[in-house]
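**Student:** Here's a structure for you.
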Amino acid sequence: MEEISLTINGKHISCLPGTSILNAALENSIKIPTLCHHPHLEPIGACRLCLVEDEKSGRIMASCVTPASPNMVIRTDSTTIKEHRRNIIRLMMANHPESCIVCSQGNRCELRRIAAELGVGELRLYPMPHYTGLEEANPFLIRDLSKCILCGKCIRADHELVVVGAIDYNLRGFKSRPATVHEMPLEKSNCTFCGTCVSMCPTGALSAKNPRYVGSPQKESSTICGFCGVGCSLVMGSVDGQIVEVNPSHQEGTVNRSTLCIRGHFTHDFLNAPERLTTPLIRRDGELSPSTWDEALEVVAEGLISIKKKHGPQSVAFLGSSKCTIEENYLFQKIARVGLGTNNVDNGSYGSGRAIVDRVNEKLEGGGCVTPLAGLEKAELVFVIGANPTQSLPVVGYYIKRASRVKGIPLIVVDPREIELVPFSTMWLPLVPHTDCELINGLAAILYKRNAYDIDFINRFTGSFDLYSSSLSSLDLQRMSRVTGVDMEVMEKAANLIEGKRIAFVIGHGILQQRYGAAAMDAILNLALMTGSLGGEGKGLYFLATENNQVGAWNMGAVPDLLPGRQSLRNDMMRKQWEQAWEVKLSPDPGLNMVRMIEEAGKGNLKAFYVMGENPRRSLPQPERITNALGNLELLVVQDILATETTQMADVVLPGAAFSEKGGTFTNLEGRIQSFDQVVSPPGDAKPDWEILDLLLGKMGYSKKYSSLQEIRAEISQLVPMYSGLRSSQEASWVNEASAMRLFRPDGVGEPIHFSPVTSTDGKTYQKDYPFKAILGSVPYHLGSGTRTGHSNRIKDFGLRGEVEISSEDGARLNLKEGDHVRISSPYGQICREVMLKKGLRPGLIFIPMAFHNNDARQLIELTRLGVVDSPGWKECQVKLEKIED
């Protein structure tokens, strides 16, 4: 598109047609004041401060909503314009309370800043304040709408970015204000308390409720969020070395831009919790007591080496963390493999269904691992299956909602429950749990019968389509409709929607943790190949990683069967390269995964267990079994930031640093590599985890010393091709795809991707004594087991009780009403919860939120290996309900 030319303040510039005068000026470093403009919001011209003058016509116009025209001559600082701006500011100030000295916004108030820049001191107008009083019933936000200037940023952010619609303009004139429907309190609306409106507000009308500190922080620093796998860019404010405030960075090009979720904004209390570990601890006479770093590391090194010599390397295991950095996970697995000669290394992301994702990675030879979330807003169809991103990864939910509501992209939601995305969907397929494989195969069969598949893509990039299509043609669609509980008419309509479109598949724990996850994933991949929905923008497989560095820990080889860079231990050539680099002999045999570690500890075969940044006694199923297994160990080392259920059993406790207290690098679910610097220092004698591991390597006799993060990064970028672009700065990069598949190669030369055989599942898990199927899932207030988010005072004060959701029909049948207590029992344990009756929930199905009550829901499921035949998975289980009488 040919650019147009214009002149602003005597400077000749050019821009694309349709660019606003304001944006054209900003792109050329010409400053124009504004209060309602934000680069991530649609302009509305509310504040009028961005007025500019057309020198040719003398016309005055709002630059944010006026497109630039060829040969325009614009003045942004004429005497007339400056006077108009001063008058606008004076009117705003006259309607504003005189409370600057006590306002929490302080020197960050944009109204105050612009008034100072324009030289507005005395108003010379009658004050027109409209005091509204403070609204602070909820523990997250304070609303003082007497300071509201009606810029509309909060409303537009709510509608355009997070797509909730909790607030809008209400009333007119001086009474106009952002409000919920019928002026209901925020806590009774559909507000998700993501805090995006707070971070957008230019004045003190909206502020975060913070009992620890009020005012501007002493220092603000950029970092990356340490919660889920989205990897949001943050700005953290600190006072006297403690984090007191968190906001999105608002930077262009970041995954979250100007949004956050409730966790990212309001649940960092764990950073300053009394339970923080501040000094090394050693168990003496049955009690943990303080020690020096030198003593603690000597005990760990001597204990590990002694047990290896006595019982062999298979007697030692290392459980790393999907919350620690790639540098730390790299060193952690290196200690295991180089220092102790064992491949018994894993990380907490095993429970997120890594076995299923690994299956796809093997089939695609590492291709398709870069999936920018921005592609969801460019897809032809978004297909959400086994995922509830508005709860588990809310920022992903924002992308999907924007794709549907703002971009008009069709959305199919496949879920047994009516999740929050259903109102945004074009179609909802409420299938019976565990029947995803049958449903996907049924949709593929319908498409095949219509010849609605991408034959060019299939011929160029795939293999075994004849065998696959032959199986599809023999499927009994009526049977599939009965098994899945989805009517044939609905399946036909879904196929109509899919036909001829490239699909972005969003895949969550409902697939990755379920009984038939492997078969369901094969079916999804087959459908992606059949429709040409791999390789390119706006299509592909979007796996929802629930931990911040889940992908990075996997890429760094903190898994039992892969070396760094996802290189197989069984690949002789790759293994020998690492042997040469590390100057050590490596075993080709895969080690124990996380579940097998617990199994072997329970049998007494595993003698030493080093846990970094994980809390298996709270996060894993069957906690009593975990406790018994850990009790069999000769040595349990726990490296963590908090005193947890697992540190209580440790022989040695090593205090690590939280993400805000160290530098490092995370890899998010998109494949985006993000390095960050330290914001504050660790508390007490705690150390960054990479420093602890480096010191331990020295104690174990390893000669190489890493004096800085840069040295570790240099080794990774040299030895791991995926991370050859790893940088020491905060500028993001992407993992390098190096697949042998022709689809992912620029020259189109390579191997085809083969279709998997069509498989059928029985889907029968009904047990007479346990007639209900319970789905265990996430809520936005907690992450994982709640080890960190459970320390949030705001979440505690919100009064959440973790109620079990039961269908209205089942409630009537069992004589249950809202607030009643029930006992939920499975073959493995029982819990008690309050009841919440839900319309639209399938009878016989219940939903239990995780993380509440010390994550007691994990007592209901069996600790079993994921992704293997006959594994019941960790997502659902059969239960029975009994009403607890008062």
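Naming works like this for the structure tokens: A, B, ... for the chains as they're shown, residue 1 at the start of each chain, ligands 1 onward in shown order.
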Could you pull out the residues in range 207-446 of chain A that DSSP calls helix (DSSP H, G or I) from the backbone, as number ranges by chain?

**Tutor:** A: 262-266, 269-272, 293-311, 313-315, 326-339, 348-352, 354-364, 373-378, 389-392, 394-406, 422-424, 436-446

**Student:** Hey, which bits of range 372-475 of chain A sit within 12 Å of range 863-885 of chain A, and for each residue what's the closest pair of atoms and how far apart in Å (one decimal), counting only C-alpha atoms, rows by chain and increasing number, as CSV?

**Tutor:**
residue,atom,partner,partner_atom,distance
A:Gly386,CA,A:Lys875,CA,10.1
A:Ala387,CA,A:Lys875,CA,11.4
A:Pro416,CA,A:Glu876,CA,11.6
A:Val432,CA,A:Glu876,CA,11.8
A:Pro433,CA,A:Glu876,CA,8.3
A:His434,CA,A:Glu876,CA,8.8

**Student:** When you count only C-alpha atoms, which of these residues is closest to Glu42 in chain A: A:Arg575, A:Lys363, A:Lys153, A:Arg460?

**Tutor:**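 Distance minimum relative to Glu42 in chain A lands on A:Lys153.
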
**Student:** Select, from A:Thr371, A:Gln580, A:Asn526, A:Ser464, the residue with the minimum atom-to-atom distance to Ile440 in chain A, counting only C-alpha atoms.

**Tutor:**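 Smallest distance to Ile440 in chain A is found for A:Asn526.
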
**Student:** Between A:Ala650, A:Val422, A:Ile498, A:Val338, single out the one closest to Glu287 in chain A, counting only C-alpha atoms.

**Tutor:**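 For Glu287 in chain A, the nearest of the given residues is A:Ala650.
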
**Student:** List the neighbours of Gly631 in chain A out to 10 Å using only C-alpha atoms; skip same-chain residues closer than 2 positions along the sequence, and give me the result as a CSV table (one decimal) with all heavy atoms, in the first residue's frame.

**Tutor:**
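Wrote it out as part36.csv, contents follow:
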chain,number,residue,atom,x,y,z
A,601,ALA,N,10.2,-45.6,45.1
A,601,ALA,CA,10.5,-45.2,46.5
A,601,ALA,C,9.6,-46.0,47.5
A,601,ALA,O,10.0,-46.4,48.5
A,601,ALA,CB,10.2,-43.7,46.7
A,602,GLY,N,8.3,-46.2,47.0
A,602,GLY,CA,7.4,-47.0,47.9
A,602,GLY,C,7.9,-48.4,48.0
A,602,GLY,O,7.7,-49.1,49.1
A,604,GLY,N,11.0,-49.3,48.1
A,604,GLY,CA,12.3,-49.2,48.8
A,604,GLY,C,13.5,-49.3,47.8
A,604,GLY,O,14.6,-49.3,48.3
A,625,ARG,N,-0.1,-42.1,50.0
A,625,ARG,CA,0.8,-43.0,49.3
A,625,ARG,C,2.1,-42.3,49.1
A,625,ARG,O,3.2,-42.8,49.2
A,625,ARG,CB,0.2,-43.5,48.0
A,625,ARG,CG,1.1,-44.4,47.2
A,625,ARG,CD,0.4,-44.8,45.9
A,625,ARG,NE,1.3,-45.5,45.0
A,625,ARG,CZ,1.0,-45.9,43.8
A,625,ARG,NH1,-0.2,-45.6,43.3
A,625,ARG,NH2,1.8,-46.5,43.0
A,626,ILE,N,2.0,-41.0,48.7
A,626,ILE,CA,3.2,-40.1,48.5
A,626,ILE,C,4.0,-40.0,49.8
A,626,ILE,O,5.2,-40.2,49.8
A,626,ILE,CB,2.9,-38.7,48.0
A,626,ILE,CG1,2.0,-38.8,46.8
A,626,ILE,CG2,4.1,-37.9,47.7
A,626,ILE,CD1,2.6,-39.4,45.6
A,627,THR,N,3.3,-39.8,50.9
A,627,THR,CA,4.0,-39.6,52.2
A,627,THR,C,4.7,-40.9,52.6
A,627,THR,O,5.8,-40.9,53.1
A,627,THR,CB,2.9,-39.3,53.2
A,627,THR,OG1,2.3,-38.0,52.9
A,627,THR,CG2,3.6,-39.1,54.6
A,628,ASN,N,4.0,-42.0,52.4
A,628,ASN,CA,4.7,-43.3,52.7
A,628,ASN,C,5.9,-43.6,51.9
A,628,ASN,O,6.9,-44.1,52.4
A,628,ASN,CB,3.7,-44.5,52.6
A,628,ASN,CG,2.6,-44.4,53.6
A,628,ASN,OD1,2.7,-43.8,54.6
A,628,ASN,ND2,1.4,-45.0,53.3
A,629,ALA,N,5.8,-43.2,50.6
A,629,ALA,CA,7.0,-43.4,49.7
A,629,ALA,C,8.1,-42.6,50.1
A,629,ALA,O,9.3,-43.0,50.2
A,629,ALA,CB,6.6,-43.2,48.3
A,633,LEU,N,12.7,-43.1,52.1
A,633,LEU,CA,14.0,-42.7,51.5
A,633,LEU,C,15.1,-42.5,52.6
A,633,LEU,O,14.8,-42.3,53.7
A,633,LEU,CB,13.8,-41.3,50.8
A,633,LEU,CG,12.8,-41.2,49.6
A,633,LEU,CD1,12.5,-39.8,49.3
A,633,LEU,CD2,13.5,-41.9,48.4
A,634,GLU,N,16.3,-42.7,52.2
A,634,GLU,CA,17.4,-42.5,53.0
A,634,GLU,C,17.8,-41.0,53.0
A,634,GLU,O,18.3,-40.5,54.0
A,634,GLU,CB,18.6,-43.3,52.6
A,634,GLU,CG,18.5,-44.8,52.8
A,634,GLU,CD,19.7,-45.6,52.4
A,634,GLU,OE1,20.8,-44.9,52.2
A,634,GLU,OE2,19.6,-46.8,52.2
A,635,LEU,N,17.5,-40.3,51.9
A,635,LEU,CA,17.8,-38.9,51.8
A,635,LEU,C,16.8,-38.2,50.9
A,635,LEU,O,16.6,-38.6,49.8
A,635,LEU,CB,19.2,-38.7,51.1
A,635,LEU,CG,19.7,-37.3,50.9
A,635,LEU,CD1,19.8,-36.5,52.2
A,635,LEU,CD2,21.0,-37.2,50.1
A,636,LEU,N,16.2,-37.2,51.5
A,636,LEU,CA,15.2,-36.3,50.8
A,636,LEU,C,15.7,-34.9,50.8
A,636,LEU,O,15.8,-34.3,51.9
A,636,LEU,CB,13.8,-36.4,51.3
A,636,LEU,CG,12.7,-35.5,50.7
A,636,LEU,CD1,12.6,-35.7,49.2
A,636,LEU,CD2,11.4,-35.6,51.5
A,649,MET,N,9.1,-33.1,55.4
A,649,MET,CA,9.7,-34.4,55.5
A,649,MET,C,11.1,-34.5,55.1
A,649,MET,O,11.8,-35.5,55.1
A,649,MET,CB,8.9,-35.4,54.6
A,649,MET,CG,7.5,-35.6,55.0
A,649,MET,SD,6.7,-36.9,54.0
A,649,MET,CE,7.6,-38.4,54.5
A,650,ALA,N,11.7,-33.3,54.6
A,650,ALA,CA,13.0,-33.3,54.1
A,650,ALA,C,14.1,-33.5,55.1
A,650,ALA,O,14.0,-33.2,56.3
A,650,ALA,CB,13.2,-32.0,53.4

**Student:** Measure the distance from CA of Gly226 in chain A to CA of Ile641 in chain A in Å and round it to one decimal.

**Tutor:** 12.8 Å

**Student:** Select from range 712-816 of chain A everything DSSP, run on the backbone, classes as strand (DSSP E or B), then give the selection as a ChimeraX atom specification.

**Tutor:** /A:733-734,741,751,753-754,767,770,772-777,804-807

**Student:** Pick from A:Ala520, A:Ile598, A:Ile224, A:Val316: nearest to Glu731 in chain A, with only C-alpha atoms counted?

**Tutor:** A:Ile224
